[in-house]
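Here is the file start_18.txt (compact mmCIF, C-alpha atoms).
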# COMPACT_ATOMS: atom_id res chain seq x y z
CA MET Z 1 -39.99 -40.62 44.98
CA SER Z 2 -42.25 -43.67 45.28
CA LYS Z 3 -41.80 -45.65 48.49
CA ILE Z 4 -41.56 -48.76 46.32
CA LEU Z 5 -38.41 -47.39 44.70
CA GLU Z 6 -36.84 -45.77 47.76
CA ILE Z 7 -35.40 -49.16 48.66
CA LEU Z 8 -32.87 -48.77 45.83
CA THR Z 9 -31.36 -45.62 47.31
CA PRO Z 10 -28.18 -45.96 49.38
CA GLU Z 11 -30.22 -45.27 52.50
CA GLY Z 12 -33.00 -47.66 51.55
CA LEU Z 13 -31.07 -50.80 50.62
CA PRO Z 14 -30.96 -53.33 53.48
CA PRO Z 15 -27.49 -54.28 54.79
CA LEU Z 16 -25.74 -57.19 53.11
CA ALA Z 17 -24.85 -60.28 55.11
CA GLU Z 18 -21.16 -60.87 55.85
CA ARG Z 19 -20.86 -63.44 53.07
CA PRO Z 20 -24.04 -63.23 50.97
CA GLY Z 21 -24.66 -65.93 48.39
CA VAL Z 22 -23.96 -64.88 44.80
CA SER Z 23 -25.62 -65.95 41.56
CA PHE Z 24 -23.65 -65.69 38.31
CA ILE Z 25 -25.77 -65.34 35.17
CA MET Z 26 -24.63 -65.71 31.57
CA PRO Z 27 -26.46 -65.86 28.22
CA VAL Z 28 -24.57 -68.18 25.86
CA LEU Z 29 -24.63 -68.75 22.09
CA ASN Z 30 -21.92 -70.34 19.96
CA GLU Z 31 -19.11 -69.85 22.46
CA ALA Z 32 -17.34 -73.23 22.27
CA GLU Z 33 -13.95 -71.52 22.13
CA HIS Z 34 -14.44 -69.49 25.31
CA ILE Z 35 -17.15 -71.02 27.50
CA ALA Z 36 -15.08 -73.56 29.47
CA LYS Z 37 -12.51 -70.94 30.46
CA ALA Z 38 -15.22 -68.45 31.40
CA ILE Z 39 -16.96 -70.95 33.68
CA THR Z 40 -13.65 -72.04 35.17
CA THR Z 41 -12.81 -68.47 36.26
CA ILE Z 42 -16.20 -68.29 38.01
CA LEU Z 43 -15.67 -71.56 39.84
CA ALA Z 44 -12.19 -70.40 40.84
CA GLN Z 45 -13.45 -67.28 42.64
CA ASP Z 46 -11.77 -66.86 46.02
CA TYR Z 47 -15.02 -66.23 47.87
CA GLU Z 48 -16.38 -68.19 50.83
CA GLY Z 49 -20.09 -67.45 50.29
CA ASP Z 50 -22.46 -69.75 48.42
CA LYS Z 51 -22.20 -69.64 44.63
CA GLU Z 52 -24.38 -70.75 41.76
CA ILE Z 53 -24.06 -70.32 38.00
CA VAL Z 54 -27.13 -70.12 35.75
CA LEU Z 55 -26.46 -70.26 32.02
CA ALA Z 56 -29.16 -69.31 29.50
CA LEU Z 57 -28.53 -71.57 26.52
CA GLY Z 58 -29.34 -70.35 23.05
CA PRO Z 59 -29.61 -72.73 20.08
CA SER Z 60 -25.84 -72.97 19.49
CA THR Z 61 -24.65 -74.70 16.34
CA ASP Z 62 -21.22 -75.57 17.75
CA ASP Z 63 -20.20 -77.64 20.81
CA THR Z 64 -21.13 -74.95 23.36
CA ASN Z 65 -24.09 -76.74 24.94
CA ARG Z 66 -22.31 -80.10 25.06
CA ILE Z 67 -19.33 -78.54 26.85
CA ILE Z 68 -21.67 -76.93 29.39
CA ALA Z 69 -23.58 -80.18 29.91
CA ASP Z 70 -20.33 -82.03 30.65
CA MET Z 71 -19.24 -79.37 33.16
CA ALA Z 72 -22.69 -79.26 34.81
CA ALA Z 73 -22.65 -83.05 35.25
CA ASN Z 74 -19.53 -82.67 37.42
CA ASP Z 75 -20.57 -79.59 39.43
CA PRO Z 76 -24.09 -79.07 40.83
CA ARG Z 77 -23.49 -75.33 41.11
CA ILE Z 78 -23.84 -75.08 37.32
CA GLN Z 79 -27.47 -74.83 36.19
CA THR Z 80 -28.99 -74.13 32.78
CA VAL Z 81 -32.18 -72.67 31.35
CA ASP Z 82 -33.27 -72.70 27.71
CA ASN Z 83 -33.22 -69.46 25.72
CA PRO Z 84 -34.61 -70.55 22.33
CA GLN Z 85 -34.86 -66.98 21.01
CA ALA Z 86 -31.13 -66.46 21.68
CA ALA Z 87 -31.78 -62.81 22.67
CA THR Z 88 -29.41 -61.50 25.34
CA PRO Z 89 -31.97 -59.63 27.52
CA ILE Z 90 -34.40 -62.55 27.39
CA GLY Z 91 -31.62 -64.94 28.38
CA LEU Z 92 -30.57 -62.69 31.24
CA ASN Z 93 -34.13 -62.51 32.57
CA LEU Z 94 -34.60 -66.27 32.30
CA ALA Z 95 -31.36 -66.80 34.20
CA ILE Z 96 -32.28 -64.28 36.90
CA ALA Z 97 -35.62 -66.00 37.43
CA ALA Z 98 -33.78 -69.24 38.17
CA THR Z 99 -31.39 -67.75 40.75
CA HIS Z 100 -31.72 -67.76 44.53
CA HIS Z 101 -29.08 -65.49 46.07
CA PRO Z 102 -29.20 -61.78 47.10
CA VAL Z 103 -26.37 -60.69 44.77
CA ILE Z 104 -26.55 -61.29 41.01
CA ILE Z 105 -23.36 -61.07 38.95
CA ARG Z 106 -23.56 -60.80 35.20
CA VAL Z 107 -20.73 -62.50 33.32
CA ASP Z 108 -19.94 -63.00 29.66
CA ALA Z 109 -18.58 -65.99 27.76
CA HIS Z 110 -15.82 -63.76 26.38
CA SER Z 111 -14.75 -62.72 29.88
CA GLY Z 112 -12.55 -64.08 32.63
CA LEU Z 113 -12.89 -62.88 36.22
CA ARG Z 114 -9.89 -62.17 38.42
CA THR Z 115 -9.93 -64.52 41.42
CA ASP Z 116 -10.81 -61.72 43.87
CA TYR Z 117 -13.53 -60.21 41.64
CA THR Z 118 -16.47 -61.43 43.72
CA GLU Z 119 -14.83 -60.45 47.02
CA GLN Z 120 -14.08 -56.98 45.65
CA ALA Z 121 -17.65 -56.66 44.34
CA ILE Z 122 -19.29 -57.58 47.65
CA ASP Z 123 -17.03 -55.17 49.54
CA THR Z 124 -17.86 -52.44 47.02
CA LEU Z 125 -21.61 -52.96 47.33
CA ARG Z 126 -21.38 -52.92 51.11
CA GLN Z 127 -19.08 -49.89 51.44
CA THR Z 128 -20.75 -47.69 48.82
CA GLN Z 129 -24.34 -48.89 49.32
CA ALA Z 130 -24.61 -49.13 45.54
CA ALA Z 131 -27.40 -50.96 43.76
CA ASN Z 132 -24.95 -52.04 41.05
CA CYS Z 133 -21.21 -51.93 40.63
CA GLY Z 134 -18.70 -52.89 37.98
CA GLY Z 135 -15.03 -52.83 37.22
CA LEU Z 136 -12.39 -52.49 34.54
CA MET Z 137 -12.71 -54.35 31.26
CA LEU Z 138 -9.17 -55.51 30.44
CA ALA Z 139 -9.29 -56.40 26.76
CA ARG Z 140 -6.68 -58.98 25.78
CA GLY Z 141 -5.81 -60.90 22.64
CA ARG Z 142 -4.01 -64.02 21.49
CA THR Z 143 -3.39 -63.25 17.80
CA SER Z 144 -1.94 -60.05 16.35
CA PHE Z 145 -5.40 -59.09 15.15
CA GLN Z 146 -7.09 -59.72 18.50
CA LYS Z 147 -4.33 -57.89 20.35
CA ALA Z 148 -4.86 -54.90 18.06
CA VAL Z 149 -8.60 -54.97 18.79
CA ALA Z 150 -7.87 -55.15 22.51
CA ARG Z 151 -5.53 -52.18 22.20
CA ALA Z 152 -8.29 -50.22 20.44
CA TYR Z 153 -10.78 -51.13 23.17
CA MET Z 154 -8.48 -49.77 25.87
CA SER Z 155 -7.33 -46.70 23.94
CA PRO Z 156 -8.95 -43.29 24.55
CA VAL Z 157 -8.88 -42.90 20.75
CA GLY Z 158 -10.70 -46.22 20.36
CA LEU Z 159 -13.81 -46.65 22.48
CA GLY Z 160 -12.96 -43.93 24.98
CA GLY Z 161 -15.77 -42.66 27.16
CA PRO Z 162 -16.70 -44.99 30.02
CA ALA Z 163 -14.19 -45.48 32.81
CA TYR Z 164 -14.47 -49.25 32.46
CA HIS Z 165 -12.73 -49.07 29.07
CA SER Z 166 -9.87 -46.68 29.69
CA GLY Z 167 -9.63 -46.81 33.49
CA ASP Z 168 -10.36 -44.11 36.04
CA GLU Z 169 -10.55 -43.53 39.75
CA ALA Z 170 -13.25 -45.25 41.77
CA GLY Z 171 -16.51 -43.36 41.91
CA GLU Z 172 -20.13 -43.08 40.80
CA ALA Z 173 -20.73 -43.97 37.17
CA GLU Z 174 -23.37 -43.76 34.44
CA SER Z 175 -23.26 -47.49 33.79
CA ALA Z 176 -21.16 -50.54 34.63
CA TYR Z 177 -19.44 -53.25 32.63
CA LEU Z 178 -21.38 -56.50 33.12
CA GLY Z 179 -22.64 -55.48 36.57
CA VAL Z 180 -22.94 -56.86 40.11
CA TYR Z 181 -26.51 -56.18 41.17
CA ARG Z 182 -28.41 -56.24 44.41
CA ARG Z 183 -31.44 -58.51 43.91
CA GLU Z 184 -33.66 -55.61 44.98
CA VAL Z 185 -32.99 -54.04 41.57
CA PHE Z 186 -34.88 -56.84 39.82
CA ASP Z 187 -37.48 -57.23 42.55
CA HIS Z 188 -38.52 -53.59 42.25
CA LEU Z 189 -37.63 -52.53 38.69
CA GLY Z 190 -38.24 -55.77 36.85
CA GLY Z 191 -35.63 -57.33 34.59
CA PHE Z 192 -33.77 -56.17 31.51
CA ASP Z 193 -35.87 -54.60 28.75
CA GLU Z 194 -36.38 -57.52 26.35
CA GLY Z 195 -37.07 -55.13 23.47
CA ILE Z 196 -33.49 -53.79 23.60
CA LYS Z 197 -31.14 -56.33 22.00
CA ARG Z 198 -27.98 -54.31 22.70
CA GLY Z 199 -27.44 -51.64 25.35
CA GLN Z 200 -29.96 -53.20 27.73
CA ASP Z 201 -27.47 -52.83 30.60
CA TRP Z 202 -27.26 -49.07 30.03
CA GLU Z 203 -31.06 -48.83 30.01
CA LEU Z 204 -31.36 -50.77 33.27
CA ASN Z 205 -28.71 -48.58 34.89
CA LEU Z 206 -30.65 -45.52 33.76
CA ARG Z 207 -33.71 -46.88 35.58
CA ILE Z 208 -31.61 -47.56 38.66
CA ARG Z 209 -30.28 -44.00 38.70
CA THR Z 210 -33.75 -42.57 38.05
CA ALA Z 211 -34.97 -44.51 41.10
CA GLY Z 212 -32.23 -42.95 43.23
CA GLY Z 213 -29.91 -45.94 43.11
CA ARG Z 214 -26.14 -45.65 42.93
CA ILE Z 215 -23.89 -47.16 40.24
CA TRP Z 216 -20.27 -47.54 41.30
CA PHE Z 217 -17.05 -48.09 39.35
CA ASN Z 218 -14.21 -49.93 41.10
CA PRO Z 219 -11.04 -50.24 38.96
CA ASN Z 220 -9.80 -53.08 41.18
CA MET Z 221 -12.61 -55.29 39.89
CA GLU Z 222 -10.79 -56.53 36.80
CA VAL Z 223 -12.39 -58.61 34.06
CA THR Z 224 -10.36 -60.01 31.17
CA TYR Z 225 -12.27 -59.65 27.90
CA TRP Z 226 -11.44 -61.52 24.67
CA PRO Z 227 -12.66 -59.50 21.65
CA ARG Z 228 -13.99 -60.93 18.38
CA ASP Z 229 -11.22 -62.55 16.36
CA SER Z 230 -11.89 -61.37 12.79
CA TRP Z 231 -12.39 -58.08 10.97
CA SER Z 232 -15.84 -59.08 9.70
CA LYS Z 233 -17.03 -59.94 13.22
CA ILE Z 234 -15.77 -56.63 14.59
CA SER Z 235 -17.51 -54.77 11.77
CA GLN Z 236 -20.81 -56.56 12.41
CA GLN Z 237 -20.53 -56.04 16.17
CA PHE Z 238 -19.99 -52.29 15.91
CA TRP Z 239 -22.60 -51.85 13.18
CA ALA Z 240 -25.22 -53.46 15.43
CA THR Z 241 -24.01 -51.54 18.49
CA GLY Z 242 -24.31 -48.23 16.63
CA ILE Z 243 -27.85 -49.06 15.51
CA TRP Z 244 -28.95 -49.88 19.04
CA ARG Z 245 -27.31 -46.78 20.52
CA ALA Z 246 -29.35 -44.72 18.07
CA GLU Z 247 -32.46 -46.57 19.24
CA LEU Z 248 -31.61 -45.58 22.81
CA ILE Z 249 -31.18 -41.98 21.64
CA ARG Z 250 -34.62 -42.13 20.03
CA ARG Z 251 -36.15 -43.48 23.24
CA TYR Z 252 -34.28 -41.55 25.93
CA GLY Z 253 -32.90 -38.47 24.21
CA SER Z 254 -30.93 -36.20 26.53
CA ALA Z 255 -30.24 -39.01 29.01
CA ASN Z 256 -27.49 -40.06 26.57
CA SER Z 257 -24.05 -38.48 26.49
CA LEU Z 258 -23.12 -36.14 23.62
CA ARG Z 259 -20.02 -38.28 22.96
CA TYR Z 260 -22.27 -40.81 21.18
CA PHE Z 261 -22.70 -38.32 18.34
CA ALA Z 262 -18.98 -38.15 17.50
CA PRO Z 263 -18.85 -41.28 15.27
CA PRO Z 264 -21.91 -40.37 13.14
CA VAL Z 265 -20.58 -36.83 12.68
CA LEU Z 266 -17.28 -38.41 11.56
CA VAL Z 267 -19.11 -40.57 9.00
CA LEU Z 268 -21.00 -37.59 7.62
CA GLY Z 269 -17.75 -35.62 7.36
CA MET Z 270 -15.97 -38.44 5.56
CA VAL Z 271 -18.86 -38.87 3.11
CA ALA Z 272 -18.89 -35.13 2.41
CA SER Z 273 -15.13 -35.22 1.80
CA VAL Z 274 -15.43 -38.11 -0.64
CA ILE Z 275 -18.25 -36.38 -2.56
CA GLU Z 276 -16.21 -33.17 -2.75
CA ALA Z 277 -13.17 -35.09 -4.00
CA LEU Z 278 -15.22 -36.78 -6.73
CA LEU Z 279 -16.64 -33.44 -7.83
CA GLN Z 280 -13.14 -31.97 -7.97
CA LEU Z 281 -11.70 -34.92 -9.91
CA THR Z 282 -14.49 -34.82 -12.49
CA GLY Z 283 -14.06 -31.08 -12.97
CA ARG Z 284 -17.55 -30.21 -11.74
CA THR Z 285 -16.24 -27.58 -9.33
CA LYS Z 286 -14.35 -25.61 -12.03
CA THR Z 287 -17.48 -23.72 -12.94
CA TRP Z 288 -18.15 -22.71 -9.35
CA PRO Z 289 -17.20 -19.28 -8.05
CA LYS Z 290 -13.69 -19.18 -6.61
CA PHE Z 291 -14.84 -18.35 -3.08
CA LEU Z 292 -17.26 -21.32 -3.17
CA ARG Z 293 -14.53 -23.72 -4.34
CA ARG Z 294 -12.30 -22.59 -1.48
CA PHE Z 295 -15.10 -22.93 1.03
CA THR Z 296 -16.19 -26.43 -0.02
CA SER Z 297 -12.55 -27.58 -0.08
CA LEU Z 298 -12.46 -27.02 3.67
CA VAL Z 299 -14.52 -30.20 4.05
CA HIS Z 300 -11.29 -32.15 3.55
CA VAL Z 301 -9.62 -30.64 6.62
CA PRO Z 302 -11.43 -32.66 9.32
CA SER Z 303 -11.09 -35.88 7.32
CA LEU Z 304 -7.39 -35.39 6.73
CA GLY Z 305 -6.99 -34.50 10.39
CA TYR Z 306 -8.76 -37.71 11.39
CA VAL Z 307 -6.62 -39.86 9.08
CA SER Z 308 -3.48 -38.16 10.39
CA ALA Z 309 -4.56 -38.77 13.99
CA ILE Z 310 -5.20 -42.47 13.28
CA LEU Z 311 -1.82 -42.88 11.61
CA ALA Z 312 -0.08 -41.05 14.45
CA THR Z 313 -1.86 -43.14 17.08
CA ALA Z 314 -0.99 -46.39 15.31
CA SER Z 315 2.64 -45.34 14.79
CA ALA Z 316 2.98 -44.41 18.46
CA ALA Z 317 1.67 -47.80 19.66
CA LYS Z 318 4.35 -49.37 21.84
CA ASP Z 319 5.20 -52.91 22.86
CA CYS Z 320 3.85 -54.44 19.66
CA GLY Z 321 5.11 -55.65 16.30
CA ARG Z 322 4.43 -54.22 12.85
CA ARG Z 323 1.58 -56.61 12.15
CA GLU Z 324 -0.30 -55.68 15.33
CA ARG Z 325 0.39 -51.99 14.74
CA ALA Z 326 -0.99 -52.23 11.20
CA TRP Z 327 -4.14 -53.98 12.41
CA PHE Z 328 -4.50 -51.35 15.13
CA GLY Z 329 -4.47 -48.62 12.49
CA LEU Z 330 -7.22 -50.43 10.59
CA ILE Z 331 -9.36 -51.43 13.56
CA LEU Z 332 -9.70 -47.90 14.94
CA PRO Z 333 -11.52 -46.48 11.87
CA THR Z 334 -13.45 -49.75 11.50
CA MET Z 335 -14.88 -49.29 14.99
CA HIS Z 336 -15.61 -45.60 14.48
CA LEU Z 337 -17.10 -45.80 10.98
CA CYS Z 338 -19.15 -48.98 11.44
CA TRP Z 339 -20.52 -47.67 14.73
CA GLY Z 340 -21.24 -44.24 13.21
CA ALA Z 341 -22.87 -45.66 10.06
CA GLY Z 342 -24.98 -47.99 12.18
CA PHE Z 343 -26.00 -45.06 14.38
CA LEU Z 344 -27.18 -43.03 11.38
CA ARG Z 345 -29.15 -46.01 10.07
CA GLY Z 346 -30.72 -46.59 13.49
CA LEU Z 347 -31.52 -42.92 13.97
CA VAL Z 348 -33.54 -42.90 10.75
CA THR Z 349 -35.20 -46.33 10.87
CA GLY Z 350 -34.90 -47.45 14.49
CA ALA Z 351 -33.29 -50.71 15.51
CA GLY Z 352 -36.21 -52.94 14.64
CA SER Z 353 -35.10 -56.56 15.00
CA THR Z 354 -31.39 -55.89 14.36
CA LYS Z 355 -29.14 -58.51 15.94
CA ASP Z 356 -25.40 -58.78 16.38
CA GLY Z 357 -24.43 -61.19 13.62
CA SER Z 358 -20.86 -61.62 14.89
CA ARG Z 359 -21.68 -64.57 17.19

What do you get writing this file as structure tokens?
Amino acid sequence: MSKILEILTPEGLPPLAERPGVSFIMPVLNEAEHIAKAITTILAQDYEGDKEIVLALGPSTDDTNRIIADMAANDPRIQTVDNPQAATPIGLNLAIAATHHPVIIRVDAHSGLRTDYTEQAIDTLRQTQAANCGGLMLARGRTSFQKAVARAYMSPVGLGGPAYHSGDEAGEAESAYLGVYRREVFDHLGGFDEGIKRGQDWELNLRIRTAGGRIWFNPNMEVTYWPRDSWSKISQQFWATGIWRAELIRRYGSANSLRYFAPPVLVLGMVASVIEALLQLTGRTKTWPKFLRRFTSLVHVPSLGYVSAILATASAAKDCGRRERAWFGLILPTMHLCWGAGFLRGLVTGAGSTKDGSR
């Protein structure tokens, strides 16, 4: 391993000070509904070290930038940089370049940090000698629809996979939600890949792990996350996410988990089932040999099993009303199918300039 990169290993990272200064970074675009609350949870952190907040401002068309300007006028810890391209990785890099402290904490306008988040993060970095750590994404909602989306985020049947969605014991991880980084990561690996519009955090964590660095998951680091608040926004979000995951598959191949292939396989199975049903309804299959008709009919089994599983999962949802349960039953396949369809599109064409149109 290169001596330049050995500094990111647990043995190579220099010790943290008792109360190191922390820099919070956040790219922002059209977040008037959430931004004030997000900034307030940062300012309310129960942490005695120095703090600064650097916001990368995209060309918002709502009151986002005015709200931030008013808050910055009353608190010198809030700083801003312009992000005219409105791209998340570019905004993150611009914000990082304007920070000064040895620990860099990524936050999101849709998130709210628990008051002890920073304290927990610093302790985690120190005790585990990790280059990056993250915690549990606690999805929450205000409306029946948003609550259903939050339930899907936290459900193993919904997003599943990473510990930061469904919860798990503390330990080393593939990636981290948002991320609390040692500055050495950016000093020695550079910033986020500005060519990756979604999934740039996963790519950076891959570079960290390749350099011998440790990524750590701490379930006590809780972040409240407020999902998109409409079906169209959720559809657009997961379509774009699927496309960019396929781009990461194209670039990094086997470094990706096999679980990413489940949604596209589901989409292909559902399409095959629909085609078979149309052929049966129009009588096209009547001329086929009997054994072939029986064989092709089996394509319906996985699809019917999936539909049954979704209905059973939605029916078993507890502590919610009928409206939320109904939305839950719709949101689950929306996430799976939009993500899977986007993945198939991205696998064939690449991500190109695809952006998340839900903001």

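Using only C-alpha atoms for every distance, the candidate list Z:Ile234, Z:Leu268, Z:Gly91, Z:Ser353 yields Z:Ile234 as the residue closest to Ala152 in chain Z.
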
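Going from CA of Lys37 in chain Z over to CA of Arg114 in chain Z, you cover 12.1 Å.
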
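Non-sequential neighbours of range 93-100 of chain Z (distance at most 9 Å, separation of 5 or more positions within a chain, only C-alpha atoms) are Gly21, Val22, Ser23, Phe24, Ile25, Met26, Pro27, Glu52, Ile53, Val54, Leu55, Ala56, Gln79, Thr80, Val81, Asp82, Asn83, Thr88, Phe186, Gly190, Gly191, Phe192, Asp193 and Glu194 of chain Z.
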
Between CA of Gly329 in chain Z and CA of Leu278 in chain Z, distance in Å (one decimal): 25.0 Å

Near-Trp288 in chain Z list (12 Å; only C-alpha atoms; drop same-chain fewer than 6 positions) as an MDAnalysis selection string: chainID Z and resid 279:280 294:297

Nearby residues (only C-alpha atoms) at most 8 Å from range 238-255 of chain Z, same-chain spacing under 6 positions excluded, as a ChimeraX atom specification: /Z:196-199,203,335,338-347,350-351,354-357

Export of prior selection with C-alpha atoms as a short mmCIF file (atom, residue, chain, number, x, y, z; two decimals), in the frame of the given file:
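The result, written out as selection-v8.cif:
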data_model
loop_
_atom_site.label_atom_id
_atom_site.label_comp_id
_atom_site.auth_asym_id
_atom_site.auth_seq_id
_atom_site.Cartn_x
_atom_site.Cartn_y
_atom_site.Cartn_z
CA ILE Z 196 -33.49 -53.79 23.60
CA LYS Z 197 -31.14 -56.33 22.00
CA ARG Z 198 -27.98 -54.31 22.70
CA GLY Z 199 -27.44 -51.64 25.35
CA GLU Z 203 -31.06 -48.83 30.01
CA MET Z 335 -14.88 -49.29 14.99
CA CYS Z 338 -19.15 -48.98 11.44
CA TRP Z 339 -20.52 -47.67 14.73
CA GLY Z 340 -21.24 -44.24 13.21
CA ALA Z 341 -22.87 -45.66 10.06
CA GLY Z 342 -24.98 -47.99 12.18
CA PHE Z 343 -26.00 -45.06 14.38
CA LEU Z 344 -27.18 -43.03 11.38
CA ARG Z 345 -29.15 -46.01 10.07
CA GLY Z 346 -30.72 -46.59 13.49
CA LEU Z 347 -31.52 -42.92 13.97
CA GLY Z 350 -34.90 -47.45 14.49
CA ALA Z 351 -33.29 -50.71 15.51
CA THR Z 354 -31.39 -55.89 14.36
CA LYS Z 355 -29.14 -58.51 15.94
CA ASP Z 356 -25.40 -58.78 16.38
CA GLY Z 357 -24.43 -61.19 13.62
#

d(CA of Leu138 in chain Z, CA of Thr61 in chain Z) in Å: 28.4 Å

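The closest residue to Ala109 in chain Z, picked from Z:Ala272, Z:Leu29, Z:Ala211, Z:Ile310 and counting all atoms listed in the file, is Z:Leu29.
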
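Closest approach to Leu92 in chain Z from the set Z:Gly179, Z:Thr349, Z:Gln120, Z:Ala69 is made by Z:Gly179, with distances taken over all atoms listed in the file.
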
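Distance check against Trp327 in chain Z using all atoms listed in the file: of Z:Met221, Z:Val28, Z:Ala150, Z:Leu281, the minimum falls on Z:Ala150.
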
Among listed residues Z:Ala316, Z:Ala139, Z:Leu298, Z:Leu206, nearest Arg151 in chain Z (using only C-alpha atoms): Z:Ala139

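Nearest to Asp62 in chain Z of all the residues Z:Asn74, Z:Thr210, Z:Asn30, Z:Gln85 is Z:Asn30, counting only C-alpha atoms.
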
Working from the structure I just supplied, which lacks atoms in range 238-253 of chain Z, can you model N, CA and C atoms there and output them as a short mmCIF file (atom, residue, chain, number, x, y, z; two decimals), keeping the file's coordinate frame?
data_model
loop_
_atom_site.label_atom_id
_atom_site.label_comp_id
_atom_site.auth_asym_id
_atom_site.auth_seq_id
_atom_site.Cartn_x
_atom_site.Cartn_y
_atom_site.Cartn_z
N PHE Z 238 -19.88 -53.74 15.72
CA PHE Z 238 -19.99 -52.29 15.91
C PHE Z 238 -21.12 -51.68 15.09
N TRP Z 239 -21.43 -52.29 13.95
CA TRP Z 239 -22.60 -51.85 13.18
C TRP Z 239 -23.86 -52.02 14.01
N ALA Z 240 -24.04 -53.19 14.61
CA ALA Z 240 -25.22 -53.46 15.43
C ALA Z 240 -25.24 -52.58 16.67
N THR Z 241 -24.08 -52.37 17.29
CA THR Z 241 -24.01 -51.54 18.49
C THR Z 241 -24.40 -50.10 18.18
N GLY Z 242 -23.94 -49.59 17.03
CA GLY Z 242 -24.31 -48.23 16.63
C GLY Z 242 -25.81 -48.08 16.39
N ILE Z 243 -26.41 -49.09 15.75
CA ILE Z 243 -27.85 -49.06 15.51
C ILE Z 243 -28.62 -49.00 16.82
N TRP Z 244 -28.21 -49.82 17.78
CA TRP Z 244 -28.95 -49.88 19.04
C TRP Z 244 -28.70 -48.65 19.91
N ARG Z 245 -27.52 -48.03 19.78
CA ARG Z 245 -27.31 -46.78 20.52
C ARG Z 245 -28.24 -45.70 19.97
N ALA Z 246 -28.42 -45.69 18.65
CA ALA Z 246 -29.35 -44.72 18.07
C ALA Z 246 -30.77 -44.98 18.56
N GLU Z 247 -31.14 -46.24 18.70
CA GLU Z 247 -32.46 -46.57 19.24
C GLU Z 247 -32.62 -46.02 20.65
N LEU Z 248 -31.56 -46.13 21.45
CA LEU Z 248 -31.61 -45.58 22.81
C LEU Z 248 -31.71 -44.05 22.78
N ILE Z 249 -31.06 -43.42 21.81
CA ILE Z 249 -31.18 -41.98 21.64
C ILE Z 249 -32.62 -41.61 21.31
N ARG Z 250 -33.23 -42.38 20.41
CA ARG Z 250 -34.62 -42.13 20.03
C ARG Z 250 -35.55 -42.26 21.23
N ARG Z 251 -35.26 -43.22 22.11
CA ARG Z 251 -36.15 -43.48 23.24
C ARG Z 251 -35.90 -42.54 24.42
N TYR Z 252 -34.61 -42.23 24.68
CA TYR Z 252 -34.28 -41.55 25.93
C TYR Z 252 -33.59 -40.21 25.75
N GLY Z 253 -33.37 -39.80 24.51
CA GLY Z 253 -32.90 -38.47 24.21
C GLY Z 253 -31.74 -37.97 25.05
#
